[in-house]
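**Q** Once you've had a glance at the structure underneath, I'll fire off some questions.
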Amino acid sequence: MGQQTVTDGRRARGDASRRVVLAQAVDLASIEGLDQLSIARIADAAGVGKSSVATLFGSKERLQLATVETASARFAATVIAPARVHPRGVRRLVALLDRVVAYSQDRVFPGGCFFSAAAADFHAKPGQVRDAVAAQLDDWLGYLALTARFAAERGELPGLDPAGDEPEQLAFEIQGTFELMNLLAVIRDDELPYLRARRAYRARLLALGVPAELAERVLEPGAALR
């Protein structure tokens, strides 16, 4: 019993240390780049010894992979979970558009979108880290497309054909708008790209037959959650 208590205590302390280090890692990677993240760099940023970080992760690649996983959880908690106040359908889609703009604007990661920065770092560097970043982006695009398809099947997006590729095309366009918005807002330190993105999303929703009262909600941060 005593040995088990000691083991459990060590595991709890190790888990707590891991969370602290990874919280620092995702923020640092969003600013300096995931490719620049190393055991030495994060140890310095987190104020812990290199040996402690090495014990927790073992290698730079494992640290980077854990950082991607942590960033994915933060993204889901910030963008996807709040939108689920609505059942699947067009209201959830509108809420997702609202939340993904706010995610960049509120600097959930201090350097802007973690995954936009990580994709730029690793797009031409094959390996497990690139695969992990690509998988996260694919999951997000797939979720957007699935949400749009479900809404179209319910007749809530009359301008969208749920049987073809149009939901995937819509997801592509949504993400393309997001990427330019995030890039310009961060590099210029400017709020205007967020408004432009919201306007673009509203126009696309209206073109798909979403009622104006609902489409307008994407213009006001948080309105789509009500």
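Every chain in the structure tokens has a letter given in the order shown (A, B, ...), and although residue numbers restart at 1 in each chain, ligands are simply numbered from 1 in the order shown.
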Need the shell around Leu144 in chain A: protein/DNA/RNA residues with any atom at most 7 Å away, counting only C-alpha atoms. Skip same-chain ones fewer than 4 positions apart. Format as a PyMOL selection string?
**A** chain A and resi 140+148+171
**Q** With N, CA, C and O atoms kept, could you save the residues just selected as a compact mmCIF listing (two decimals), in the first residue's frame?
**A**
# COMPACT_ATOMS: atom_id res chain seq x y z
N TRP A 140 -10.41 19.04 -38.72
CA TRP A 140 -11.20 20.27 -38.66
C TRP A 140 -11.99 20.48 -39.94
O TRP A 140 -13.20 20.76 -39.90
N ALA A 148 -21.85 20.97 -42.35
CA ALA A 148 -22.55 21.58 -43.48
C ALA A 148 -23.42 20.55 -44.21
O ALA A 148 -24.56 20.85 -44.59
N ALA A 171 -16.02 23.91 -46.77
CA ALA A 171 -15.02 23.84 -45.70
C ALA A 171 -13.69 24.42 -46.16
O ALA A 171 -13.00 25.14 -45.41
**Q** Give me the residues near range 47-53 of chain A as JSON, numbers by chain, where near means some atom within 9 Å (using only C-alpha atoms) and where sequence neighbours in that chain fewer than 6 positions away do not count.
**A** {"A": [17, 18, 21, 39, 40, 41, 63]}
**Q** Using only C-alpha atoms for the distances, tell me which of A:Lys125, A:Arg88, A:Arg130, A:Arg99 is nearest to Val68 in chain A.
**A**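 Selected residue with least distance to Val68 in chain A: A:Arg130.
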**Q** Excluding range 100-112 of chain A and residues on its chain fewer than 3 positions from it, collect all residues at most 8 Å away from it, counting only C-alpha atoms, and give them as a PyMOL selection string.
**A** chain A and resi 26-27+30-31+75+78-79+96-97+117+178+182+186+191+194+197-198+221
**Q** Using only C-alpha atoms, pick whichever of A:Asp190, A:Glu153, A:Glu69, A:Glu168 has the shortest atom-to-atom distance to Gln136 in chain A.
**A**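 Under the stated criterion, the closest residue is A:Glu69.
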**Q** Can you list, as an MDAnalysis selection string, all residues belonging to chain A that DSSP tags as helix (DSSP H, G or I)?
**A** chainID A and resid 2:32 34:36 39:46 50:57 60:83 90:105 114:122 128:153 166:188 192:207 212:219 223:225
**Q** Between CA of Ala81 in chain A and CA of Leu22 in chain A, what is the distance in Å, rounded to a tenth?
**A**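 Result for CA of Ala81 in chain A versus CA of Leu22 in chain A: 20.9 Å, one decimal.
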**Q** Could you jot down the CA of Leu195 in chain A to CA of Val218 in chain A separation for me, Å, one decimal place?
**A**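 Computed distance, CA of Leu195 in chain A to CA of Val218 in chain A, equals 9.9 Å.
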